[in-house]
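One structure is given below, encoded as structure tokens.
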Amino acid sequence: MTQVTERSLPLLPVKARPSVLATCFLRGAIAAGLGLGALAVLVMVLWISSPYPDSGPGGALRTAASLWLLAHGAQLVRPETLTGSPAPVGLVPLLLVALPGWLAHRAARDVLMPEEDEDEGEGYADEPAGPLPSGWAVFGAVTCGYLVIATATVLYAAAGPLPADPLTAAWRLPLTVALATAAGVWTAHGRPLGPLPERVPARVRALLLDVRTSAAARAAGAAVAVLLGGGALLAGAGLAWHIGMAEDAFLRLAEDWSGRLAVLLLALALVPNAAVWGAAYGLGPGFAVGTGAAAGPLGVAGTPALPHFPLLAAVPTGGHGSWWNWAAAGVPLAAGLVLARFTARAAVAEGWGRRGTARAALLGAVLCGCALAGLAAVAGGPLGTGALAALGPVWWRTGGAALLWAAVVGVPAAVGLRAWRLRGAVPRRSLRARIAGVFSWRPRRGRGAAVPGSGPVPVPGPVGGDSSADEEAYDFLPVGGGALWHEDGAREARWAALKEASGGLMADIPAAGAELSPPWPLPNPGAAPEPAPQTPGGLDAARPRADPGPVPEGGPLPGPLPGPVLGPLLGPLPGPLPGPLPGPVLGPLPGPVPEPVRESGPHPDHAPEPGSPPGPAPESEPHADPDPRRSDPA
């Protein structure tokens, strides 16, 4: 028994299991059995400890089965009443729904996430894992396995003191199980928001996958949480205000400790219902306290018909509300402000305008209203016939009030908070500048126009890159009303900064008016050309030279550069030059120039001199063929 309850059923590999669907079906049945068994154990403990049990163990087990069906939303029927007519019991404790919902959710999730199983058997650890089943197959198999146990439970509870209504059990129970199982499959897939099926209209898919929709959903969730928290505070405050009535009701319902423990557990299971009722009270519509009676901040209308129960003692009793009751309006006001805060934060992060922010806030208000309407629909229900046929908030009134509060408070507050958050991002002009702009009739300058001396020099930024690193290279440009960019001092500063950035590769730029000294003597046009050095025997002059051909890439430069590369950016040099520069501005290259690759054979500049002894070819030219004249000993 311990092995079954402490670890879930392992999902075997494809080769070792007869059917994946059978395993999923069994998981669903086990989840339903665990929930039913937990309630049965609790009811049996209370029955055993009761000094005056009304029935035997069979009646206690059927009562546990009825409570399990009530946790799924099925309406129970109490056949034995004072009037003789059956009385419905449809008020579902919302905390009781958490147990079966979590079990069904976990059963579907664990099928698609087998790697999370910590206690796998040793016999299955060495077998290769097969492909996981599809989500729809898991959803159908787990749901069917759960519903088989639920159907058997409905038939078993029909002979007990609280049988389930077949009509409500036929649609509410499958709906609850399907929602929990679908949530488990969605969780196993990582809770994706798309892609949606193709049969969904394109506009609906675009709306559901929009960033504004997700931001509005988060804002609506935060607003709903504030409403429920505020409703719980209102219920607690009312219970503390009427603590004497609550104590009297608690002591009257049971005299022994087992009965009081049962009343206490039932009250704890109804705490979420009390939070929803308190939220409806703060929104304004209030909730029904019997047929034709309602309790709200403005007072109690009609004649309440409430049973003696500790939580119901928190219902206000005055005919007209006081300012204590009107203070409950602070709950929806706080919810609207929270919705506005979440929406404004998303608007600033995404760069929305006022209209986009208002739309997102309005969508969040709609979602908040829908959520409160659904919670109000499941938080109430009948406890009998006649005056007890209507208890709890009316769903459409509660949802409409939540929508109205969230829209009236949240939309303008979201737009205002967005403007407040962006107040530091937009530069504000002085009052004098704004007045001058109003009365100015001068034509507006273009964006690219710049007034000399009134601001930084416009430097073209990089295309498709980070501009911060490139702007640092031009931080020496004049800023403000100082020297102009074409003056001598500014040019010298730019050249000095470029020389420092080049690592010493650039030559020194003399000051304005100074003569440049060339790195080597310039040729004199009027002097006679110097005679070329003669080689012995005039062989160098007589030997024909081979045409070296075009210089390959990476070889020596063909001549001086046509002009300084940075000239268009830096402007002219700070002073007049005595003549043309003998070479490129950047001076010699930082490393040796590699020799061009040449064909095999003797180099034209390394021809053997006459009378040289024959010998092997030099090591620098391993592919050179020996001279045929050296093979002749004469």
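The chains in the structure tokens are called A, B, ... from first to last as shown; in each chain the residues are counted from 1, and the ligands are counted from 1 in the order shown.
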
| task | Extract, using only C-alpha atoms, all DNA, RNA and protein residues at most 8 Å from region 278-290 of chain A, discarding same-chain residues fewer than 3 positions from it, and format them as a VMD selection string. | result | chain A and resid 227 to 228 230 to 235 274 to 275 293 to 297 303 to 306 328 to 332 376 387 to 394 397 to 398 401 to 402 405

| request: With a distance cut-off of 8 Å and only C-alpha atoms, select the neighbouring residues of Ala74 (chain A), excluding the residue or stretch itself and same-chain residues fewer than 4 positions from it, and output the selection as JSON, numbers by chain. | output: {"A": [69, 70, 90, 164, 165, 168, 169, 172, 173]}

| query | Could you name the residues that touch Ala31 (chain A) at 9 Å or less, counting only C-alpha atoms, but leaving out those on the same chain fewer than 6 positions away, as a ChimeraX atom specification? | reply | /A:100,103-104,106-107,145-146

| field | Residues of region 218-437 of chain A in alpha helix (DSSP H), written as number ranges by chain | value | A: 218-241, 243-253, 257-269, 271-283, 323-326, 330-350, 354-379, 395-421, 431-437

| said: For the structure I just gave you, how does DSSP split region 63-241 of chain A - specifically, which residues are strand (DSSP E or B)? Reply as a PyMOL selection string. | reply: chain A and resi 76-78+87-89+164

Output C-alpha atoms for every residue in the selection just made, as a PDB file, in the first residue's frame.
ATOM      1  CA  LEU A  76     -26.213  16.913  -3.524  1.00  0.00           C
ATOM      2  CA  VAL A  77     -29.780  16.182  -2.475  1.00  0.00           C
ATOM      3  CA  ARG A  78     -30.942  15.832   1.118  1.00  0.00           C
ATOM      4  CA  ALA A  87     -33.599  19.887  -0.321  1.00  0.00           C
ATOM      5  CA  PRO A  88     -30.628  20.651  -2.595  1.00  0.00           C
ATOM      6  CA  VAL A  89     -27.141  21.273  -1.224  1.00  0.00           C
ATOM      7  CA  ALA A 164     -25.729  13.353  -5.959  1.00  0.00           C
TER       8      ALA A 164
END

| request: Could you check which of A:Leu362, A:Ala301, A:Val211, A:Leu266 is closest to Pro316 (chain A), using only C-alpha atoms? | output: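 Checking each of A:Leu362, A:Ala301, A:Val211, A:Leu266 against Pro316 (chain A), counting only C-alpha atoms, the winner is A:Ala301.
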
| remark: Atom pair CA of Asp210 (chain A) + CA of Arg354 (chain A), distance 17.3 Å

| said: For a test of reading the model, state the distance in Å between CA of Trp186 (chain A) and CA of Trp136 (chain A), rounded to one decimal. | reply: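 Calculated distance between CA of Trp186 (chain A) and CA of Trp136 (chain A) is 10.6 Å.
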
| Residues near Ala254 (chain A), cut-off 12 Å, only C-alpha atoms, skip fewer than 5 positions along chain, as a PyMOL selection string | chain A and resi 50-52+247-249+259-264+308-310

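Non-sequential neighbours of region 335-352 of chain A (distance at most 7 Å, separation of 3 or more positions within a chain, only C-alpha atoms) are Ala215, Ala216, Ala219, Ala220, Ala222, Ala223, Val226, Leu227, Val331, Pro332, Gly356, Thr357, Ala360, Ala361, Trp405, Ala406, Val409, Gly410, Val411, Ala413, Ala414, Val415, Leu417 and Arg418 of chain A.
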
Quick one: write out the picked residues with N, CA and C atoms as an mmCIF file, in the first residue's frame?
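Contents of the output file again.cif:
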data_model
loop_
_atom_site.group_PDB
_atom_site.id
_atom_site.type_symbol
_atom_site.label_atom_id
_atom_site.label_comp_id
_atom_site.auth_asym_id
_atom_site.auth_seq_id
_atom_site.Cartn_x
_atom_site.Cartn_y
_atom_site.Cartn_z
ATOM 1 N N ALA A 215 0.086 41.440 -21.065
ATOM 2 C CA ALA A 215 0.231 42.459 -20.021
ATOM 3 C C ALA A 215 -1.097 42.728 -19.324
ATOM 4 N N ALA A 216 -2.195 42.758 -20.090
ATOM 5 C CA ALA A 216 -3.508 42.961 -19.481
ATOM 6 C C ALA A 216 -3.903 41.782 -18.608
ATOM 7 N N ALA A 219 -2.026 42.174 -15.336
ATOM 8 C CA ALA A 219 -2.623 43.246 -14.538
ATOM 9 C C ALA A 219 -3.961 42.815 -13.953
ATOM 10 N N ALA A 220 -4.776 42.095 -14.737
ATOM 11 C CA ALA A 220 -6.062 41.612 -14.229
ATOM 12 C C ALA A 220 -5.866 40.597 -13.115
ATOM 13 N N ALA A 222 -3.385 40.502 -10.978
ATOM 14 C CA ALA A 222 -3.010 41.241 -9.772
ATOM 15 C C ALA A 222 -4.220 41.936 -9.154
ATOM 16 N N ALA A 223 -5.106 42.490 -9.995
ATOM 17 C CA ALA A 223 -6.305 43.145 -9.470
ATOM 18 C C ALA A 223 -7.240 42.150 -8.799
ATOM 19 N N VAL A 226 -5.905 41.312 -5.400
ATOM 20 C CA VAL A 226 -6.172 42.383 -4.424
ATOM 21 C C VAL A 226 -7.634 42.340 -3.984
ATOM 22 N N LEU A 227 -8.546 42.085 -4.912
ATOM 23 C CA LEU A 227 -9.962 42.000 -4.542
ATOM 24 C C LEU A 227 -10.219 40.847 -3.579
ATOM 25 N N VAL A 331 -11.435 48.654 -1.176
ATOM 26 C CA VAL A 331 -10.910 47.415 -1.784
ATOM 27 C C VAL A 331 -10.916 47.502 -3.308
ATOM 28 N N PRO A 332 -12.043 47.825 -3.968
ATOM 29 C CA PRO A 332 -11.978 47.948 -5.440
ATOM 30 C C PRO A 332 -11.131 49.129 -5.896
ATOM 31 N N GLY A 356 -2.553 53.260 -26.587
ATOM 32 C CA GLY A 356 -2.239 51.854 -26.341
ATOM 33 C C GLY A 356 -2.312 51.490 -24.869
ATOM 34 N N THR A 357 -1.868 52.408 -24.006
ATOM 35 C CA THR A 357 -1.961 52.156 -22.565
ATOM 36 C C THR A 357 -3.408 52.067 -22.115
ATOM 37 N N ALA A 360 -4.884 48.698 -23.211
ATOM 38 C CA ALA A 360 -4.428 47.587 -22.375
ATOM 39 C C ALA A 360 -5.110 47.605 -21.016
ATOM 40 N N ALA A 361 -5.269 48.795 -20.429
ATOM 41 C CA ALA A 361 -5.941 48.883 -19.133
ATOM 42 C C ALA A 361 -7.406 48.494 -19.241
ATOM 43 N N TRP A 405 -15.538 49.300 -11.845
ATOM 44 C CA TRP A 405 -14.517 49.858 -10.959
ATOM 45 C C TRP A 405 -13.141 49.855 -11.634
ATOM 46 N N ALA A 406 -12.777 48.734 -12.256
ATOM 47 C CA ALA A 406 -11.447 48.630 -12.871
ATOM 48 C C ALA A 406 -11.293 49.590 -14.044
ATOM 49 N N VAL A 409 -11.346 53.451 -12.567
ATOM 50 C CA VAL A 409 -10.145 53.789 -11.791
ATOM 51 C C VAL A 409 -8.871 53.436 -12.551
ATOM 52 N N GLY A 410 -8.858 52.283 -13.206
ATOM 53 C CA GLY A 410 -7.616 51.781 -13.784
ATOM 54 C C GLY A 410 -7.175 52.485 -15.041
ATOM 55 N N VAL A 411 -8.107 52.828 -15.955
ATOM 56 C CA VAL A 411 -7.707 53.404 -17.244
ATOM 57 C C VAL A 411 -7.077 54.789 -17.074
ATOM 58 N N ALA A 413 -5.863 56.134 -14.379
ATOM 59 C CA ALA A 413 -4.683 56.018 -13.525
ATOM 60 C C ALA A 413 -3.508 55.421 -14.285
ATOM 61 N N ALA A 414 -3.757 54.480 -15.191
ATOM 62 C CA ALA A 414 -2.666 53.901 -15.992
ATOM 63 C C ALA A 414 -2.054 54.933 -16.914
ATOM 64 N N VAL A 415 -2.878 55.751 -17.554
ATOM 65 C CA VAL A 415 -2.350 56.800 -18.436
ATOM 66 C C VAL A 415 -1.544 57.818 -17.629
ATOM 67 N N LEU A 417 -0.014 57.335 -14.668
ATOM 68 C CA LEU A 417 1.230 56.731 -14.177
ATOM 69 C C LEU A 417 2.261 56.596 -15.283
ATOM 70 N N ARG A 418 1.811 56.299 -16.495
ATOM 71 C CA ARG A 418 2.753 56.228 -17.618
ATOM 72 C C ARG A 418 3.407 57.586 -17.859
#

| request: Name the residues in contact with Leu363 (chain A) at a cut-off of 9 Å, using only C-alpha atoms, excluding same-chain residues fewer than 4 positions from it; report them as a list in words. | output: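 So the residues in contact are Arg212, Thr213, Ala216, Ala217, Ala220, Ala358, Arg359, Leu367, Cys368 and Ala407 of chain A.
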
Same residues, N, CA and C atoms, saved as an mmCIF file, in the first residue's frame:
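The file below, selection.cif, is the result:
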data_model
loop_
_atom_site.group_PDB
_atom_site.id
_atom_site.type_symbol
_atom_site.label_atom_id
_atom_site.label_comp_id
_atom_site.auth_asym_id
_atom_site.auth_seq_id
_atom_site.Cartn_x
_atom_site.Cartn_y
_atom_site.Cartn_z
ATOM 1 N N ARG A 212 0.035 43.205 -25.581
ATOM 2 C CA ARG A 212 -0.924 43.900 -24.719
ATOM 3 C C ARG A 212 -1.849 42.920 -24.008
ATOM 4 N N THR A 213 -2.174 41.819 -24.672
ATOM 5 C CA THR A 213 -3.056 40.837 -24.045
ATOM 6 C C THR A 213 -2.388 40.185 -22.846
ATOM 7 N N ALA A 216 -2.195 42.758 -20.090
ATOM 8 C CA ALA A 216 -3.508 42.961 -19.481
ATOM 9 C C ALA A 216 -3.903 41.782 -18.608
ATOM 10 N N ALA A 217 -3.526 40.567 -19.007
ATOM 11 C CA ALA A 217 -3.835 39.395 -18.179
ATOM 12 C C ALA A 217 -3.086 39.440 -16.851
ATOM 13 N N ALA A 220 -4.776 42.095 -14.737
ATOM 14 C CA ALA A 220 -6.062 41.612 -14.229
ATOM 15 C C ALA A 220 -5.866 40.597 -13.115
ATOM 16 N N ALA A 358 -4.247 52.971 -22.620
ATOM 17 C CA ALA A 358 -5.667 52.940 -22.251
ATOM 18 C C ALA A 358 -6.340 51.653 -22.738
ATOM 19 N N ARG A 359 -5.976 51.202 -23.927
ATOM 20 C CA ARG A 359 -6.564 49.951 -24.431
ATOM 21 C C ARG A 359 -6.157 48.755 -23.580
ATOM 22 N N LEU A 367 -11.015 41.557 -18.341
ATOM 23 C CA LEU A 367 -10.596 40.258 -17.820
ATOM 24 C C LEU A 367 -10.851 40.159 -16.319
ATOM 25 N N CYS A 368 -10.644 41.246 -15.608
ATOM 26 C CA CYS A 368 -10.912 41.249 -14.166
ATOM 27 C C CYS A 368 -12.395 41.018 -13.897
ATOM 28 N N ALA A 407 -12.368 49.795 -14.807
ATOM 29 C CA ALA A 407 -12.275 50.703 -15.954
ATOM 30 C C ALA A 407 -12.237 52.155 -15.514
#

| query | Restricting the calculation to only C-alpha atoms, which member of A:Val315, A:Ala490, A:Leu175, A:Ala141 is positioned closest to Gly299 (chain A)? | reply |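 The answer is A:Val315, which sits nearest to Gly299 (chain A).
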